[in-house]
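Dumped my_file_26.cif below, it's mmCIF, C-alpha atoms:
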data_protein
#
loop_
_atom_site.label_atom_id
_atom_site.label_comp_id
_atom_site.auth_asym_id
_atom_site.auth_seq_id
_atom_site.Cartn_x
_atom_site.Cartn_y
_atom_site.Cartn_z
CA MET U 236 11.86 -0.69 -14.04
CA ILE U 237 11.64 0.87 -10.59
CA ALA U 238 10.96 -1.34 -7.57
CA ILE U 239 9.38 0.04 -4.43
CA LEU U 240 10.49 -2.05 -1.48
CA ASP U 241 7.39 -3.31 0.31
CA TYR U 242 8.21 -4.08 3.92
CA GLY U 243 4.90 -3.02 5.41
CA SER U 244 5.95 0.57 5.97
CA GLY U 245 5.11 3.70 4.14
CA ASN U 246 2.48 5.12 1.87
CA LEU U 247 3.30 2.65 -0.86
CA ARG U 248 0.47 3.60 -3.15
CA SER U 249 1.42 7.28 -3.15
CA ALA U 250 5.00 6.38 -3.95
CA GLU U 251 3.91 3.99 -6.69
CA ARG U 252 1.81 6.65 -8.41
CA ALA U 253 4.40 9.39 -8.15
CA PHE U 254 7.24 7.27 -9.53
CA ALA U 255 5.00 5.95 -12.32
CA LEU U 256 4.88 9.53 -13.63
CA THR U 257 8.45 9.02 -14.85
CA GLY U 258 7.11 6.64 -17.48
CA GLN U 259 9.01 3.73 -15.96
CA GLU U 260 7.31 0.53 -14.92
CA VAL U 261 6.87 0.55 -11.13
CA ILE U 262 6.55 -2.62 -9.06
CA VAL U 263 5.77 -2.69 -5.33
CA THR U 264 7.54 -5.79 -4.04
CA SER U 265 9.83 -7.40 -1.51
CA ASP U 266 11.04 -10.04 -3.98
CA PRO U 267 14.87 -10.03 -3.71
CA GLN U 268 15.40 -10.85 -7.39
CA ILE U 269 13.10 -8.09 -8.68
CA CYS U 270 14.69 -5.66 -6.22
CA ALA U 271 18.17 -6.69 -7.39
CA ASP U 272 17.28 -6.36 -11.08
CA ALA U 273 15.45 -3.03 -10.85
CA HIS U 274 17.07 0.06 -12.37
CA GLY U 275 16.15 1.91 -9.23
CA LEU U 276 14.98 0.82 -5.76
CA ILE U 277 12.76 3.06 -3.62
CA VAL U 278 13.00 2.58 0.13
CA PRO U 279 9.96 4.25 1.68
CA GLY U 280 9.37 4.46 5.41
CA VAL U 281 6.79 5.84 7.76
CA GLY U 282 6.72 5.52 11.53
CA ALA U 283 9.29 4.73 14.15
CA PHE U 284 12.93 3.96 13.24
CA GLU U 285 13.14 0.72 15.21
CA ALA U 286 9.83 -0.64 13.91
CA CYS U 287 10.92 0.13 10.36
CA MET U 288 14.25 -1.66 10.85
CA ASP U 289 12.50 -4.70 12.31
CA GLN U 290 10.04 -4.88 9.44
CA LEU U 291 12.81 -4.30 6.91
CA LYS U 292 14.82 -7.24 8.26
CA GLU U 293 11.76 -9.48 8.25
CA VAL U 294 11.60 -9.31 4.46
CA GLY U 295 15.40 -9.33 4.01
CA GLY U 296 15.38 -5.70 2.97
CA ASP U 297 18.66 -5.03 4.77
CA LEU U 298 20.43 -7.51 2.49
CA ILE U 299 18.64 -6.24 -0.61
CA ILE U 300 19.84 -2.70 0.15
CA SER U 301 23.43 -3.56 1.08
CA LYS U 302 23.86 -5.68 -2.06
CA ARG U 303 22.65 -2.82 -4.23
CA VAL U 304 24.96 -0.40 -2.42
CA ALA U 305 27.92 -2.74 -3.01
CA ARG U 306 27.08 -2.94 -6.73
CA GLN U 307 26.46 0.82 -6.94
CA GLN U 308 22.90 0.32 -8.13
CA PRO U 309 20.60 3.31 -7.57
CA ILE U 310 18.61 3.54 -4.33
CA PHE U 311 16.24 6.30 -3.22
CA GLY U 312 15.36 6.44 0.49
CA ILE U 313 12.39 8.50 1.62
CA CYS U 314 11.78 9.82 5.16
CA VAL U 315 12.46 6.93 7.56
CA GLY U 316 13.74 5.13 4.46
CA MET U 317 16.51 7.75 4.51
CA GLN U 318 17.04 7.60 8.27
CA ILE U 319 17.71 3.86 8.38
CA LEU U 320 20.66 4.32 6.00
CA PHE U 321 22.56 5.90 8.91
CA THR U 322 24.39 4.00 11.65
CA LEU U 323 22.15 4.79 14.58
CA GLY U 324 18.62 5.91 15.28
CA GLU U 325 18.18 7.61 18.65
CA GLU U 326 14.38 7.33 18.61
CA LYS U 327 12.95 5.62 21.73
CA ASN U 328 15.70 3.40 23.20
CA GLY U 329 17.98 3.74 20.22
CA SER U 330 18.55 1.13 17.53
CA LEU U 331 21.05 0.31 14.84
CA GLY U 332 20.46 1.35 11.27
CA LEU U 333 22.05 -0.09 8.14
CA GLY U 334 25.24 1.94 8.61
CA ILE U 335 25.65 2.81 4.95
CA TRP U 336 26.31 6.36 6.09
CA PRO U 337 28.01 7.28 9.38
CA GLY U 338 26.23 9.21 12.08
CA SER U 339 23.00 9.17 13.96
CA VAL U 340 19.43 10.31 13.55
CA SER U 341 18.22 12.32 16.53
CA GLU U 342 15.26 14.42 17.60
CA ILE U 343 15.07 17.88 16.11
CA SER U 344 15.46 20.66 18.64
CA ALA U 345 12.33 22.77 18.05
CA PRO U 346 9.48 23.98 20.28
CA ILE U 347 6.77 22.40 18.15
CA LEU U 348 7.18 18.84 16.88
CA PRO U 349 6.57 16.95 14.63
CA HIS U 350 7.90 19.19 11.87
CA ILE U 351 4.85 18.98 9.61
CA GLY U 352 4.33 20.87 6.40
CA TRP U 353 6.05 22.55 3.49
CA ASN U 354 9.54 23.91 4.01
CA SER U 355 12.28 25.19 1.76
CA VAL U 356 15.64 23.51 1.29
CA GLN U 357 19.12 24.97 1.10
CA VAL U 358 20.17 23.05 -1.97
CA ALA U 359 23.77 21.81 -2.21
CA GLU U 360 25.76 23.33 -5.04
CA GLY U 361 25.84 21.06 -8.06
CA SER U 362 22.77 19.08 -7.06
CA GLN U 363 21.15 17.23 -9.93
CA LEU U 364 18.23 16.09 -7.82
CA PHE U 365 17.00 19.66 -7.25
CA GLU U 366 17.77 20.98 -10.72
CA GLY U 367 15.14 23.56 -11.67
CA ILE U 368 13.35 23.42 -8.29
CA GLU U 369 15.95 25.01 -6.02
CA SER U 370 13.55 27.62 -4.67
CA GLN U 371 10.55 25.33 -4.14
CA THR U 372 9.14 23.93 -0.90
CA PHE U 373 8.75 20.24 -0.04
CA TYR U 374 6.50 18.31 2.31
CA PHE U 375 8.07 17.15 5.58
CA VAL U 376 6.48 15.10 8.35
CA HIS U 377 8.94 13.90 11.01
CA SER U 378 10.46 14.62 14.41
CA PHE U 379 13.89 13.02 13.92
CA ALA U 380 16.62 13.82 11.41
CA ALA U 381 20.32 13.46 10.62
CA LYS U 382 22.26 16.59 11.50
CA VAL U 383 25.81 15.81 10.41
CA PRO U 384 26.53 15.92 6.66
CA VAL U 385 27.33 12.65 4.93
CA PRO U 386 30.99 12.68 3.86
CA ASN U 387 31.81 12.78 0.13
CA ALA U 388 28.21 13.59 -0.74
CA LEU U 389 26.01 16.52 -1.65
CA ASN U 390 24.07 17.45 1.48
CA SER U 391 21.08 19.77 1.15
CA THR U 392 19.72 21.13 4.40
CA CYS U 393 16.52 22.40 5.96
CA GLU U 394 15.96 24.72 8.87
CA TYR U 395 13.39 24.01 11.58
CA GLY U 396 14.53 24.94 15.06
CA GLU U 397 17.97 23.87 13.89
CA THR U 398 19.67 22.83 10.66
CA PHE U 399 19.24 19.22 9.59
CA ILE U 400 19.95 17.15 6.49
CA ALA U 401 17.02 17.34 4.07
CA ALA U 402 18.56 15.40 1.19
CA VAL U 403 21.71 13.45 0.40
CA GLU U 404 23.15 12.62 -3.01
CA ALA U 405 25.95 10.11 -2.48
CA GLY U 406 26.71 8.48 -5.80
CA SER U 407 24.16 5.77 -6.44
CA VAL U 408 22.43 6.33 -3.10
CA VAL U 409 20.05 9.27 -2.84
CA ALA U 410 17.67 10.09 -0.02
CA THR U 411 15.27 12.78 1.10
CA GLN U 412 13.89 13.47 4.57
CA PHE U 413 10.85 15.05 2.94
CA HIS U 414 8.25 13.23 0.84
CA PRO U 415 8.75 13.99 -2.88
CA GLU U 416 5.69 11.86 -3.67
CA LYS U 417 3.59 14.31 -1.63
CA SER U 418 5.36 17.50 -2.67
CA GLY U 419 3.14 18.49 -5.58
CA SER U 420 4.75 19.54 -8.84
CA ALA U 421 8.14 20.26 -7.22
CA GLY U 422 8.24 16.68 -5.96
CA ALA U 423 7.33 15.37 -9.40
CA VAL U 424 10.26 17.27 -10.93
CA LEU U 425 12.62 15.90 -8.28
CA ILE U 426 11.49 12.35 -9.01
CA ARG U 427 11.97 12.89 -12.74
CA ASN U 428 15.44 14.32 -12.10
CA TRP U 429 16.34 11.16 -10.22
CA ALA U 430 14.83 8.86 -12.84
CA LYS U 431 16.90 10.59 -15.55
CA SER U 432 20.04 9.47 -13.72
CA LEU U 433 19.05 5.77 -13.81
CA MET D 143 13.82 29.30 5.13
CA THR D 144 10.61 28.88 7.05
CA LEU D 145 7.91 26.32 7.50
CA VAL D 146 4.90 27.73 5.68
CA LYS D 147 1.41 28.12 7.12
CA ARG D 148 -0.81 25.46 5.61
CA ILE D 149 -4.24 25.99 4.05
CA ILE D 150 -6.31 22.81 4.26
CA PRO D 151 -9.71 22.46 2.58
CA CYS D 152 -11.88 19.99 4.43
CA LEU D 153 -14.25 17.65 2.65
CA ASP D 154 -17.03 16.44 4.95
CA VAL D 155 -18.23 13.34 3.16
CA SER D 156 -21.55 11.61 3.63
CA GLY D 157 -23.02 9.03 1.28
CA GLY D 158 -20.20 9.61 -1.18
CA ARG D 159 -20.86 13.35 -1.50
CA VAL D 160 -19.30 16.42 0.08
CA VAL D 161 -21.79 18.08 2.41
CA LYS D 162 -21.67 21.13 4.61
CA GLY D 163 -23.99 22.58 7.22
CA VAL D 164 -24.04 25.10 10.02
CA ASN D 165 -23.08 23.86 13.49
CA PHE D 166 -23.16 20.34 12.01
CA VAL D 167 -26.86 20.40 11.00
CA ASN D 168 -28.83 21.44 7.89
CA LEU D 169 -26.41 19.68 5.56
CA VAL D 170 -26.40 20.73 1.91
CA ASP D 171 -24.65 19.09 -1.03
CA ALA D 172 -21.32 20.67 -1.97
CA GLY D 173 -20.12 18.39 -4.74
CA ASP D 174 -18.16 15.29 -5.70
CA PRO D 175 -15.21 14.68 -3.33
CA VAL D 176 -12.76 13.48 -5.97
CA GLU D 177 -13.52 16.43 -8.27
CA LEU D 178 -13.24 18.92 -5.41
CA ALA D 179 -9.97 17.36 -4.21
CA LYS D 180 -8.50 17.65 -7.69
CA ARG D 181 -9.61 21.27 -7.96
CA TYR D 182 -8.13 22.17 -4.57
CA ASP D 183 -4.84 20.48 -5.43
CA GLN D 184 -4.63 22.56 -8.62
CA GLU D 185 -5.57 25.72 -6.72
CA GLY D 186 -2.69 25.30 -4.30
CA ALA D 187 -4.10 23.54 -1.24
CA ASP D 188 -1.27 22.40 1.04
CA GLU D 189 -3.12 19.31 2.28
CA LEU D 190 -6.59 17.84 2.07
CA THR D 191 -8.74 16.46 4.84
CA PHE D 192 -11.61 14.02 4.37
CA LEU D 193 -13.98 13.50 7.21
CA ASP D 194 -16.46 10.68 6.81
CA ILE D 195 -19.18 12.32 8.88
CA SER D 196 -21.71 9.53 8.72
CA ALA D 197 -19.32 6.61 9.16
CA SER D 198 -21.84 3.81 8.79
CA VAL D 199 -20.48 0.50 7.58
CA GLU D 200 -21.64 1.23 4.03
CA ASP D 201 -20.09 4.70 4.11
CA ARG D 202 -16.76 3.27 5.29
CA LYS D 203 -16.42 1.37 2.04
CA THR D 204 -17.40 4.48 0.11
CA THR D 205 -14.77 6.50 1.96
CA ILE D 206 -12.01 4.01 1.23
CA ASP D 207 -13.00 4.07 -2.42
CA ILE D 208 -12.98 7.88 -2.44
CA VAL D 209 -9.57 7.97 -0.74
CA ARG D 210 -8.20 5.60 -3.35
CA ARG D 211 -9.66 7.56 -6.25
CA THR D 212 -8.47 10.87 -4.80
CA ALA D 213 -4.95 9.56 -4.27
CA GLU D 214 -4.91 8.89 -8.01
CA GLN D 215 -5.52 12.60 -8.64
CA VAL D 216 -3.50 14.55 -6.12
CA PHE D 217 0.11 14.79 -4.98
CA ILE D 218 -0.43 16.52 -1.66
CA PRO D 219 -1.02 14.85 1.72
CA LEU D 220 -4.43 13.43 2.54
CA THR D 221 -5.78 13.11 6.05
CA VAL D 222 -8.76 10.84 6.52
CA GLY D 223 -11.03 10.72 9.54
CA GLY D 224 -14.30 9.21 10.63
CA GLY D 225 -15.08 5.74 11.92
CA ILE D 226 -11.50 4.72 12.80
CA ARG D 227 -11.62 2.35 15.75
CA SER D 228 -8.41 0.33 15.50
CA ALA D 229 -4.84 0.36 14.23
CA ASP D 230 -5.99 -2.08 11.53
CA ASP D 231 -8.51 0.52 10.29
CA VAL D 232 -5.57 2.92 9.99
CA ASN D 233 -3.57 0.37 8.04
CA VAL D 234 -6.38 -0.05 5.51
CA LEU D 235 -6.58 3.71 4.95
CA LEU D 236 -2.80 4.15 4.64
CA ARG D 237 -2.67 1.32 2.11
CA ASN D 238 -5.37 3.05 0.06
CA GLY D 239 -3.66 6.41 -0.21
CA ALA D 240 -4.20 8.23 3.10
CA ASP D 241 -1.08 9.82 4.55
CA LYS D 242 -2.51 10.71 7.94
CA VAL D 243 -5.63 9.79 9.86
CA SER D 244 -7.71 11.71 12.33
CA ILE D 245 -9.54 10.23 15.27
CA ASN D 246 -12.08 11.76 17.58
CA THR D 247 -14.92 10.00 19.40
CA ALA D 248 -13.23 6.59 19.40
CA ALA D 249 -10.23 8.05 21.25
CA ILE D 250 -12.48 9.65 23.85
CA MET D 251 -14.22 6.31 24.42
CA ARG D 252 -10.91 4.43 24.51
CA PRO D 253 -7.80 6.64 24.84
CA GLU D 254 -5.45 3.61 24.45
CA LEU D 255 -6.36 3.72 20.76
CA ILE D 256 -3.97 6.68 20.47
CA ASN D 257 -1.06 4.59 21.78
CA GLU D 258 -1.98 1.64 19.59
CA ILE D 259 -1.92 3.75 16.44
CA SER D 260 1.17 5.84 17.24
CA ASP D 261 3.20 2.84 18.44
CA ARG D 262 2.62 1.13 15.11
CA PHE D 263 2.70 4.03 12.65
CA GLY D 264 4.37 6.88 14.56
CA ASN D 265 2.68 9.93 16.05
CA GLN D 266 3.18 11.94 12.84
CA VAL D 267 0.43 9.87 11.22
CA LEU D 268 -2.15 10.70 13.85
CA VAL D 269 -4.27 13.84 14.07
CA LEU D 270 -6.48 14.24 17.12
CA SER D 271 -9.69 15.93 16.10
CA VAL D 272 -11.16 17.86 19.02
CA ASP D 273 -14.71 19.17 18.68
CA ALA D 274 -14.83 21.71 21.48
CA ARG D 275 -17.29 24.35 22.64
CA ARG D 276 -17.61 26.84 25.46
CA GLY D 277 -18.63 24.90 28.55
CA ARG D 278 -18.40 24.67 32.29
CA THR D 279 -15.19 22.66 32.53
CA SER D 280 -12.13 24.09 34.32
CA SER D 281 -10.65 25.81 31.24
CA GLY D 282 -14.05 26.90 29.93
CA PHE D 283 -13.71 24.66 26.85
CA GLU D 284 -15.54 21.35 26.76
CA VAL D 285 -15.06 18.36 24.46
CA THR D 286 -18.15 17.26 22.55
CA THR D 287 -18.93 14.11 20.59
CA HIS D 288 -21.31 13.15 17.80
CA GLY D 289 -20.58 16.22 15.73
CA GLY D 290 -20.98 18.64 18.61
CA ARG D 291 -24.37 17.34 19.70
CA GLN D 292 -23.27 15.69 22.93
CA GLY D 293 -21.31 17.24 25.78
CA THR D 294 -18.83 15.08 27.70
CA ASP D 295 -17.80 17.20 30.70
CA ILE D 296 -14.23 16.49 29.60
CA ASP D 297 -12.04 19.57 29.68
CA ALA D 298 -10.67 20.27 26.21
CA LEU D 299 -7.22 21.41 27.35
CA ALA D 300 -6.77 18.46 29.70
CA TRP D 301 -7.79 16.13 26.87
CA VAL D 302 -5.31 17.68 24.44
CA GLU D 303 -2.47 17.33 26.96
CA ALA D 304 -3.35 13.71 27.70
CA ALA D 305 -3.60 12.85 24.01
CA ILE D 306 -0.24 14.45 23.20
CA SER D 307 1.43 12.43 25.94
CA ARG D 308 -0.14 9.27 24.48
CA GLY D 309 1.19 10.11 21.04
CA VAL D 310 -0.81 12.32 18.69
CA GLY D 311 1.17 14.39 16.19
CA GLU D 312 -1.29 17.19 15.49
CA ILE D 313 -4.41 18.76 16.95
CA LEU D 314 -7.32 19.55 14.67
CA LEU D 315 -9.14 22.05 16.85
CA ASN D 316 -12.70 22.46 15.70
CA SER D 317 -14.87 25.07 17.36
CA MET D 318 -18.43 23.76 17.55
CA ASP D 319 -19.71 27.23 18.40
CA ALA D 320 -18.14 28.72 15.28
CA ASP D 321 -18.53 25.80 12.84
CA GLY D 322 -20.14 26.88 9.59
CA THR D 323 -21.08 30.34 10.91
CA ARG D 324 -18.35 32.20 8.97
CA ALA D 325 -18.09 34.48 12.00
CA GLY D 326 -14.36 33.90 12.50
CA TYR D 327 -12.23 31.22 14.15
CA ASP D 328 -12.48 30.93 17.94
CA LEU D 329 -9.29 32.86 18.69
CA GLU D 330 -9.44 32.44 22.45
CA MET D 331 -9.71 28.69 22.09
CA ILE D 332 -6.77 28.56 19.66
CA ALA D 333 -4.63 30.68 21.99
CA ALA D 334 -5.54 28.54 25.00
CA VAL D 335 -4.61 25.29 23.22
CA ARG D 336 -1.42 26.82 21.77
CA LYS D 337 -0.20 27.49 25.32
CA ILE D 338 -0.33 23.83 26.28
CA SER D 339 0.32 22.10 22.95
CA SER D 340 3.78 20.94 21.86
CA VAL D 341 2.39 19.67 18.53
CA PRO D 342 1.06 21.67 15.55
CA ILE D 343 -2.49 23.03 15.72
CA ILE D 344 -4.87 23.07 12.79
CA ALA D 345 -7.58 25.65 13.45
CA SER D 346 -11.06 24.78 12.22
CA GLY D 347 -14.53 26.22 12.35
CA GLY D 348 -15.76 29.69 11.56
CA ALA D 349 -13.62 30.89 8.64
CA GLY D 350 -15.58 33.69 6.93
CA SER D 351 -13.86 36.91 5.96
CA ILE D 352 -10.33 36.71 4.62
CA SER D 353 -8.89 38.46 7.67
CA ASP D 354 -10.15 35.55 9.83
CA PHE D 355 -7.32 33.39 8.47
CA ALA D 356 -4.61 35.80 9.57
CA GLN D 357 -6.22 36.23 12.98
CA ALA D 358 -6.15 32.49 13.60
CA LEU D 359 -2.45 32.40 12.73
CA GLY D 360 -1.92 35.33 15.07
CA ALA D 361 -3.63 33.35 17.83
CA GLY D 362 -1.16 30.52 17.34
CA ALA D 363 -2.49 28.18 14.65
CA ASP D 364 0.04 26.39 12.42
CA ALA D 365 -2.48 25.45 9.76
CA LEU D 366 -5.96 26.58 8.77
CA LEU D 367 -8.78 24.32 7.81
CA ALA D 368 -11.88 25.59 6.07
CA ALA D 369 -14.77 24.03 4.20
CA SER D 370 -17.75 26.10 3.17
CA VAL D 371 -15.87 29.25 2.16
CA PHE D 372 -13.92 27.18 -0.36
CA HIS D 373 -16.74 24.86 -1.48
CA PHE D 374 -19.11 27.73 -2.17
CA GLY D 375 -16.53 29.97 -3.78
CA VAL D 376 -16.47 32.71 -1.13
CA HIS D 377 -12.67 32.65 -1.24
CA ARG D 378 -10.12 31.02 -3.46
CA ILE D 379 -7.09 29.40 -1.87
CA ALA D 380 -4.74 31.63 -3.88
CA ASP D 381 -6.51 34.75 -2.59
CA VAL D 382 -6.21 33.59 1.02
CA LYS D 383 -2.52 32.87 0.52
CA GLY D 384 -1.99 36.21 -1.19
CA TYR D 385 -3.59 37.97 1.74
CA LEU D 386 -1.56 36.01 4.30
CA ALA D 387 1.66 36.77 2.42
CA GLN D 388 0.77 40.48 2.54
CA GLN D 389 0.37 40.13 6.28
CA GLY D 390 3.86 38.69 6.51
CA TYR D 391 3.02 35.00 6.91
CA PRO D 392 5.03 32.47 4.90
CA VAL D 393 2.87 30.55 2.40
CA ARG D 394 3.54 28.13 -0.45
CA ARG D 395 2.69 29.50 -3.90
#

Take the structure in this file and express it as structure tokens.
Amino acid sequence: MIAILDYGSGNLRSAERAFALTGQEVIVTSDPQICADAHGLIVPGVGAFEACMDQLKEVGGDLIISKRVARQQPIFGICVGMQILFTLGEEKNGSLGLGIWPGSVSEISAPILPHIGWNSVQVAEGSQLFEGIESQTFYFVHSFAAKVPVPNALNSTCEYGETFIAAVEAGSVVATQFHPEKSGSAGAVLIRNWAKSL
Amino acid sequence: MTLVKRIIPCLDVSGGRVVKGVNFVNLVDAGDPVELAKRYDQEGADELTFLDISASVEDRKTTIDIVRRTAEQVFIPLTVGGGIRSADDVNVLLRNGADKVSINTAAIMRPELINEISDRFGNQVLVLSVDARRGRTSSGFEVTTHGGRQGTDIDALAWVEAAISRGVGEILLNSMDADGTRAGYDLEMIAAVRKISSVPIIASGGAGSISDFAQALGAGADALLAASVFHFGVHRIADVKGYLAQQGYPVRR
């Protein structure tokens, strides 16, 4: 069973449908027990970093996530759901993230922002997440990103104005800055690749 | 590695059906929105846009139902516009499968709506739809409302700048002079908005011959929206992308 963490942020229905394609049961919930028992936990996120953190804490999502990290249970963060795994978000006045990974999330240096649309990814060598879809494009919609690779992890990157981290595979914790649930057939393959690892 | 140029079919929905006219009048039926959305997804559309062009109370419910049913069928982003007057309206659409929303007249009437939506959901969720035509404002481009039927005396470029500073993430620039004519996008208008816009521009209105798409990109558009040429089979999305690739523009295939 895959749980999608419902903390009032993100296109939950899109995520639900896309992850249901894996054949697994998908539950959209903020129930701590269901989230703890799930084979995989999806952390979606749309909007501002600080607002997402506030909403996440309101439902106890910060504890749900850190417990799963401690037990090495699979987590998949999407977009702002990836960003909040880092220590600091520089959006607006700056706010603390969950600090599971070191480093900050800052504005991309590009003449036109947000970065909206389909872009290719420089896939890290040995990536299981991108297996078979290394040359595909994925759907991004964001202005902020992590720029420094996560240590001891596979970091795949994207180029828009500058290089930023497009996806991280760090043991049980996986995250993408793009939206696999909106990335057509390539996104569906990526989701299946992840589900196979559960 | 490059961000590709997006091709976005637009479904103008009224009474639960896709309709299309010329300069926003003489509407004819162009099919079932869910079926068309599915077809465009399969044909390689990069995003889909739904505009509820009647936006009566009854049509709002229809639109939400269509959004939900479409989200069941497609795995590309959906933008929904028409009749959005509050951040709560946006929440309802996002919870039913929309990924972005577009606002137009309501933001002209009450510009704070832009802040209210972007503060809650981020500016990347918000597309400002600008229906503009040649007019006597300072830049020569005037904002219209009610599907191009009413002038406002608001300068289109000044409005775009103000809206970006309030927090819109994209500009859907619709030429009322060109809409439905298939005489080509309004290249001067696209170029003028490109100069002052720090956010992506979706060009709309006037797509006819296949070279029109490349010209709009040349004028500075980041994405291209078209309706009738796709609905009525004048061009297929793959053919447009093939042509753009030949012209050296990055596309998703």

(request) Record the distance separating atom CA of D:Ile379 and atom CA of D:Gly186, expressed in Å with one decimal. (result) 6.5 Å

(message) Which residue is closest to D:Lys147? Choose from D:Ala187, D:Val234, D:Ile313, D:Val267 and count only C-alpha atoms.
(response) D:Ala187

(request) Can you check which residues of chain D have any atom within 8 Å of chain U? Use only C-alpha atoms and format it as number ranges by chain. (result) D: 143-148, 188, 213-214, 216-219, 236-241, 260-267, 311-312, 340-342, 394

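Interatomic distance, atom CA of D:Val243 against atom CA of D:Ala369: 17.8 Å.
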
(request) Would you please work out which residue, of D:Asp154, D:Asp273, D:Asp364, D:Asp171, is nearest to D:Asp194 when using only C-alpha atoms? (result) D:Asp154

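Note on the selection: in this file the PyMOL selection byres ((chain D and resi 345) around 8) comes out as Leu314, Leu315, Asn316, Tyr327, Ile332, Ile343, Ile344, Ser346, Gly347, Ala358, Ala363, Asp364, Ala365, Leu366 and Leu367 of chain D.
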
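Applied to the file shown here, the PyMOL selection byres ((chain D and resi 281-284) around 8) selects Ala274, Arg275, Arg276, Gly277, Arg278, Thr279, Ser280, Val285, Thr286, Gly293, Thr294, Asp295, Ile296, Asp297, Ala298, Leu299 and Met331 of chain D.
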
(request) Would you work out the distance separating atom CA of D:Val393 from atom CA of D:Leu190, expressed in Å to one decimal? (result) 15.8 Å

(request) Give me the result of the PyMOL selection byres ((chain U and resi 308-320) around 8) on this file, residue by residue, as a PyMOL selection string. (result) chain U and resi 274-284+287-288+300+303-307+321-324+332-336+340+377+380-381+407-415+433

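For D:Glu258, the list of residues within 10 Å, based on all atoms listed in the file and with local chain neighbours fewer than 6 positions off taken out, reads Ser228, Ala229, Asp230, Gly264, Arg308 and Gly309 of chain D.
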
(message) With all atoms listed in the file as the counted atoms, please give the residues lying no more than 8 Å from D:Leu153, apart from itself and same-chain residues fewer than 4 positions off, as a VMD selection string.
(response) chain D and resid 160 to 161 175 190 to 193 369

Neighbour list for U:Arg427 as a CSV table (one decimal) with C-alpha atoms, in the frame of the given file, cut-off 9 Å, all atoms listed in the file, skip fewer than 5 positions in-chain:
chain,number,residue,atom,x,y,z
U,254,PHE,CA,7.2,7.3,-9.5
U,256,LEU,CA,4.9,9.5,-13.6
U,257,THR,CA,8.4,9.0,-14.8
U,364,LEU,CA,18.2,16.1,-7.8
U,422,GLY,CA,8.2,16.7,-6.0
U,432,SER,CA,20.0,9.5,-13.7

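Distance annotation: of U:Glu285, U:Asp241, U:Asp297, U:Glu260, the residue with the minimal separation from U:Leu331 is U:Glu285; atom set is all atoms listed in the file.
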